[in-house]
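File shown: work.pdb. Contents: PDB, C-alpha atoms, pLDDT in the B column.
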```
MODEL        1
ATOM      1  CA  MET A   1    -181.402 110.109 121.271  1.00 65.00           C
ATOM      2  CA  HIS A   2    -179.678 107.941 118.697  1.00 69.00           C
ATOM      3  CA  ILE A   3    -176.510 105.905 119.248  1.00 75.00           C
ATOM      4  CA  PRO A   4    -174.764 104.474 116.188  1.00 68.00           C
ATOM      5  CA  HIS A   5    -174.400 100.701 116.047  1.00 85.00           C
ATOM      6  CA  ASP A   6    -170.619 101.112 116.150  1.00 87.00           C
ATOM      7  CA  ALA A   7    -170.090 102.952 119.427  1.00 93.00           C
ATOM      8  CA  MET A   8    -167.544 103.259 122.238  1.00 96.00           C
ATOM      9  CA  LEU A   9    -167.714 102.013 125.820  1.00 97.00           C
ATOM     10  CA  LEU A  10    -166.008 104.266 128.339  1.00 98.00           C
ATOM     11  CA  ARG A  11    -165.250 102.634 131.697  1.00 98.00           C
ATOM     12  CA  ILE A  12    -164.045 104.698 134.617  1.00 98.00           C
ATOM     13  CA  PHE A  13    -162.690 102.808 137.639  1.00 95.00           C
ATOM     14  CA  ILE A  14    -162.671 104.909 140.808  1.00 94.00           C
ATOM     15  CA  GLY A  15    -163.222 104.573 144.549  1.00 90.00           C
ATOM     16  CA  GLU A  16    -166.363 105.330 146.472  1.00 90.00           C
ATOM     17  CA  SER A  17    -164.565 107.980 148.541  1.00 90.00           C
ATOM     18  CA  ASP A  18    -163.213 109.921 145.509  1.00 93.00           C
ATOM     19  CA  ARG A  19    -164.542 113.481 145.372  1.00 95.00           C
ATOM     20  CA  TRP A  20    -164.880 116.361 142.902  1.00 97.00           C
ATOM     21  CA  HIS A  21    -165.662 119.772 144.438  1.00 96.00           C
ATOM     22  CA  HIS A  22    -167.083 118.248 147.672  1.00 93.00           C
ATOM     23  CA  GLN A  23    -169.346 115.892 145.673  1.00 97.00           C
ATOM     24  CA  PRO A  24    -168.884 112.167 145.099  1.00 96.00           C
ATOM     25  CA  LEU A  25    -166.841 111.805 141.902  1.00 97.00           C
ATOM     26  CA  TYR A  26    -169.147 109.164 140.422  1.00 97.00           C
ATOM     27  CA  GLU A  27    -172.098 111.529 140.864  1.00 97.00           C
ATOM     28  CA  ALA A  28    -170.210 114.447 139.311  1.00 98.00           C
ATOM     29  CA  ILE A  29    -169.252 112.292 136.305  1.00 98.00           C
ATOM     30  CA  VAL A  30    -172.817 111.112 135.708  1.00 98.00           C
ATOM     31  CA  LEU A  31    -174.256 114.620 136.056  1.00 97.00           C
ATOM     32  CA  LYS A  32    -171.631 116.048 133.682  1.00 97.00           C
ATOM     33  CA  ALA A  33    -172.313 113.272 131.140  1.00 97.00           C
ATOM     34  CA  ARG A  34    -176.016 114.108 131.330  1.00 97.00           C
ATOM     35  CA  GLU A  35    -175.322 117.832 130.969  1.00 97.00           C
ATOM     36  CA  LEU A  36    -173.277 117.112 127.831  1.00 96.00           C
ATOM     37  CA  HIS A  37    -176.080 114.914 126.429  1.00 95.00           C
ATOM     38  CA  LEU A  38    -174.229 111.631 126.411  1.00 96.00           C
ATOM     39  CA  ALA A  39    -176.629 108.751 125.835  1.00 91.00           C
ATOM     40  CA  GLY A  40    -176.491 107.349 129.360  1.00 90.00           C
ATOM     41  CA  ALA A  41    -174.310 106.401 132.279  1.00 96.00           C
ATOM     42  CA  THR A  42    -174.425 103.621 134.855  1.00 96.00           C
ATOM     43  CA  VAL A  43    -172.532 103.352 138.135  1.00 97.00           C
ATOM     44  CA  LEU A  44    -171.663  99.845 139.312  1.00 96.00           C
ATOM     45  CA  ARG A  45    -170.528  99.202 142.880  1.00 91.00           C
ATOM     46  CA  GLY A  46    -168.046  96.402 143.436  1.00 86.00           C
ATOM     47  CA  PRO A  47    -168.004  94.315 146.609  1.00 77.00           C
ATOM     48  CA  MET A  48    -164.252  93.812 146.333  1.00 77.00           C
ATOM     49  CA  GLY A  49    -161.260  95.115 144.404  1.00 77.00           C
ATOM     50  CA  TYR A  50    -157.803  96.638 144.414  1.00 76.00           C
ATOM     51  CA  GLY A  51    -155.896  99.042 142.229  1.00 74.00           C
ATOM     52  CA  LYS A  52    -152.370 100.284 141.646  1.00 73.00           C
ATOM     53  CA  SER A  53    -151.569 100.431 145.375  1.00 71.00           C
ATOM     54  CA  SER A  54    -152.642  96.765 145.807  1.00 70.00           C
ATOM     55  CA  ARG A  55    -154.639  97.833 148.886  1.00 71.00           C
ATOM     56  CA  LEU A  56    -157.668  95.549 149.132  1.00 70.00           C
ATOM     57  CA  HIS A  57    -161.100  97.185 149.347  1.00 68.00           C
ATOM     58  CA  THR A  58    -163.861  94.839 150.460  1.00 68.00           C
ATOM     59  CA  ALA A  59    -167.394  94.832 151.808  1.00 65.00           C
ATOM     60  CA  LYS A  60    -166.725  91.818 154.047  1.00 64.00           C
ATOM     61  CA  ILE A  61    -167.870  92.406 157.608  1.00 57.00           C
ATOM     62  CA  LEU A  62    -164.467  91.774 159.193  1.00 55.00           C
ATOM     63  CA  ARG A  63    -162.737  94.168 156.790  1.00 55.00           C
ATOM     64  CA  LEU A  64    -165.385  96.817 156.240  1.00 56.00           C
ATOM     65  CA  SER A  65    -164.218  99.358 153.680  1.00 57.00           C
ATOM     66  CA  PHE A  66    -165.720 102.756 153.103  1.00 68.00           C
ATOM     67  CA  ASP A  67    -163.937 103.041 149.779  1.00 76.00           C
ATOM     68  CA  LEU A  68    -165.432 100.270 147.682  1.00 86.00           C
ATOM     69  CA  PRO A  69    -164.590 100.132 143.977  1.00 91.00           C
ATOM     70  CA  LEU A  70    -166.959 101.816 141.532  1.00 94.00           C
ATOM     71  CA  VAL A  71    -167.165 101.575 137.758  1.00 97.00           C
ATOM     72  CA  VAL A  72    -168.910 104.247 135.713  1.00 98.00           C
ATOM     73  CA  GLU A  73    -169.888 102.990 132.259  1.00 98.00           C
ATOM     74  CA  ILE A  74    -170.906 105.278 129.412  1.00 97.00           C
ATOM     75  CA  VAL A  75    -171.753 104.187 125.864  1.00 95.00           C
ATOM     76  CA  ASP A  76    -172.064 106.692 123.029  1.00 95.00           C
ATOM     77  CA  SER A  77    -170.532 107.580 119.682  1.00 94.00           C
ATOM     78  CA  GLU A  78    -166.755 107.669 119.430  1.00 95.00           C
ATOM     79  CA  GLU A  79    -166.862 111.430 118.812  1.00 96.00           C
ATOM     80  CA  LYS A  80    -168.920 112.176 121.935  1.00 96.00           C
ATOM     81  CA  ILE A  81    -166.828 109.875 124.127  1.00 97.00           C
ATOM     82  CA  ASN A  82    -163.574 111.424 122.841  1.00 97.00           C
ATOM     83  CA  ALA A  83    -164.955 114.897 123.559  1.00 97.00           C
ATOM     84  CA  PHE A  84    -165.784 113.772 127.122  1.00 98.00           C
ATOM     85  CA  LEU A  85    -162.288 112.429 127.904  1.00 98.00           C
ATOM     86  CA  PRO A  86    -160.728 115.846 128.733  1.00 97.00           C
ATOM     87  CA  VAL A  87    -163.580 116.472 131.186  1.00 97.00           C
ATOM     88  CA  ILE A  88    -162.839 113.165 132.934  1.00 97.00           C
ATOM     89  CA  ASP A  89    -159.115 113.921 132.950  1.00 96.00           C
ATOM     90  CA  GLU A  90    -159.767 117.188 134.782  1.00 97.00           C
ATOM     91  CA  MET A  91    -162.037 115.548 137.368  1.00 97.00           C
ATOM     92  CA  MET A  92    -159.933 112.487 138.251  1.00 95.00           C
ATOM     93  CA  LYS A  93    -156.918 112.460 140.547  1.00 91.00           C
ATOM     94  CA  GLY A  94    -156.514 108.687 140.414  1.00 90.00           C
ATOM     95  CA  GLY A  95    -158.198 105.671 138.939  1.00 91.00           C
ATOM     96  CA  LEU A  96    -158.285 103.944 135.599  1.00 94.00           C
ATOM     97  CA  VAL A  97    -160.056 104.851 132.361  1.00 97.00           C
ATOM     98  CA  THR A  98    -160.547 102.332 129.559  1.00 97.00           C
ATOM     99  CA  LEU A  99    -162.097 102.535 126.116  1.00 97.00           C
ATOM    100  CA  GLU A 100    -163.320  99.777 123.892  1.00 97.00           C
ATOM    101  CA  LYS A 101    -165.412  99.409 120.814  1.00 96.00           C
ATOM    102  CA  ALA A 102    -169.001  98.426 121.460  1.00 94.00           C
ATOM    103  CA  ARG A 103    -171.676  97.156 119.112  1.00 92.00           C
ATOM    104  CA  VAL A 104    -175.046  98.628 120.055  1.00 88.00           C
ATOM    105  CA  ILE A 105    -177.792  96.138 119.276  1.00 87.00           C
ATOM    106  CA  ASP A 106    -180.764  98.184 120.423  1.00 80.00           C
ATOM    107  CA  TYR A 107    -181.276 101.412 122.338  1.00 69.00           C
ATOM    108  CA  ARG A 108    -184.712 102.643 123.227  1.00 74.00           C
ATOM    109  CA  ALA A 109    -186.469 104.297 126.101  1.00 70.00           C
ATOM    110  CA  ASP A 110    -189.407 102.683 127.829  1.00 69.00           C
ATOM    111  CA  GLU A 111    -191.757 105.603 127.364  1.00 63.00           C
ATOM    112  CA  THR A 112    -194.505 103.902 129.374  1.00 63.00           C
ATOM    113  CA  ASN A 113    -192.427 104.196 132.561  1.00 56.00           C
ATOM    114  CA  ALA A 114    -190.914 107.614 131.916  1.00 51.00           C
ATOM    115  CA  ILE A 115    -191.850 110.410 134.291  1.00 49.00           C
ATOM    116  CA  GLY A 116    -194.443 112.600 132.633  1.00 50.00           C
ATOM    117  CA  ALA A 117    -195.087 110.059 129.878  1.00 52.00           C
ATOM    118  CA  THR A 118    -198.559 109.875 128.437  1.00 54.00           C
ATOM    119  CA  PRO A 119    -200.127 106.559 129.375  1.00 57.00           C
ATOM    120  CA  PRO A 120    -201.190 104.306 126.512  1.00 59.00           C
ATOM    121  CA  PRO A 121    -204.814 104.702 125.485  1.00 61.00           C
ATOM    122  CA  THR A 122    -207.267 102.352 127.123  1.00 62.00           C
ATOM    123  CA  PRO A 123    -209.196 100.198 124.689  1.00 66.00           C
ATOM    124  CA  PRO A 124    -212.937 100.834 124.455  1.00 68.00           C
ATOM    125  CA  PRO A 125    -215.141  98.442 126.413  1.00 70.00           C
ATOM    126  CA  SER A 126    -216.268  95.382 124.461  1.00 63.00           C
TER     127      SER A 126
ENDMDL
END
```

Have the structure of the file written as structure tokens, please.
Amino acid sequence: MHIPHDAMLLRIFIGESDRWHHQPLYEAIVLKARELHLAGATVLRGPMGYGKSSRLHTAKILRLSFDLPLVVEIVDSEEKINAFLPVIDEMMKGGLVTLEKARVIDYRADETNAIGATPPPTPPPS
């Protein structure tokens, strides 16, 4: 898969307890992005945060939260990200979505670690 050097970064800020059709929202977003052949998605879990309500969510032991902040990041072409925005809009009840320009320096798969990848040939004995 090829990503142009001038790409877009989509960031989706949600909570760990957010759901879409009885499935964690972050999981539904990543699976939908994969289904639509976006280049890749990463979910980042935050140990602390707050949103519009100013309610603090933290992983501290004394204030254990089961709704820690999550950020889903997706980088792809502007066209593919823009086409994905209506999908996100339908899935999200709350949260924050941001877009920014991104400069892709390099994007490649490590084929040696991919499932089902052919291992590199072994050199002949000397």

Rounded to one decimal place, report the CA of Gly94 (chain A)-CA of Ile14 (chain A) distance in Å.
7.2 Å

Written as a VMD selection string, what is the full residue list that the PyMOL selection byres ((chain A and resi 16) around 12) yields on the file shown?
chain A and resid 13 to 15 17 to 20 23 to 27 43 to 49 57 to 59 65 to 72 95

Compare A:Val75, A:Ala33, A:Val87, A:Ala41 by their minimum atom-to-atom distance to Ala102 (chain A), counting only C-alpha atoms, and give me the closest one.
A:Val75

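Pairwise distance (CA of Glu35 (chain A), CA of Asp89 (chain A)) equals 16.8 Å.
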
Option closest in space to Glu73 (chain A), from A:Lys32, A:His5, A:His37, A:Arg11 [counting all atoms listed in the file]:
A:Arg11

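When only C-alpha atoms are used to compute distances to Ala83 (chain A), the closest of the residues A:Arg108, A:Leu38, A:Leu56, A:Arg103 turns out to be A:Leu38.
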
Can you work out the spacing between CA of Ile74 (chain A) and CA of Ile12 (chain A) in Å, to one decimal?
8.6 Å

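Closest approach to Leu99 (chain A) among A:Gly51, A:Ile3, A:Leu31, A:Asp76: A:Asp76, based on only C-alpha atoms.
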
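Shortest separation to Val30 (chain A) among A:Ile105, A:Glu100, A:Ile88, A:Tyr50 occurs at residue A:Ile88, atoms counted being only C-alpha atoms.
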
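Proximity to Ile81 (chain A) was assessed for A:Leu96, A:Leu36, A:Ala28, A:Ala109 counting only C-alpha atoms; the smallest distance is recorded for A:Leu36.
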
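Residue selection for this entry, given the PyMOL selection byres ((chain A and resi 77) around 6), comprises Ala7, Met8, Asp76, Glu78, Glu79 and Lys80 of chain A.
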
Produce the centre coordinates and the three edge lengths, each in Å to one decimal, of the box along x, y and z that contains all listed atoms of region 66-82 of chain A with 5 Å added on each side, as lines of an AutoDock Vina configuration file.
```
center_x = -167.8
center_y = 106.2
center_z = 136.0
size_x = 18.5
size_y = 22.0
size_z = 44.3
```
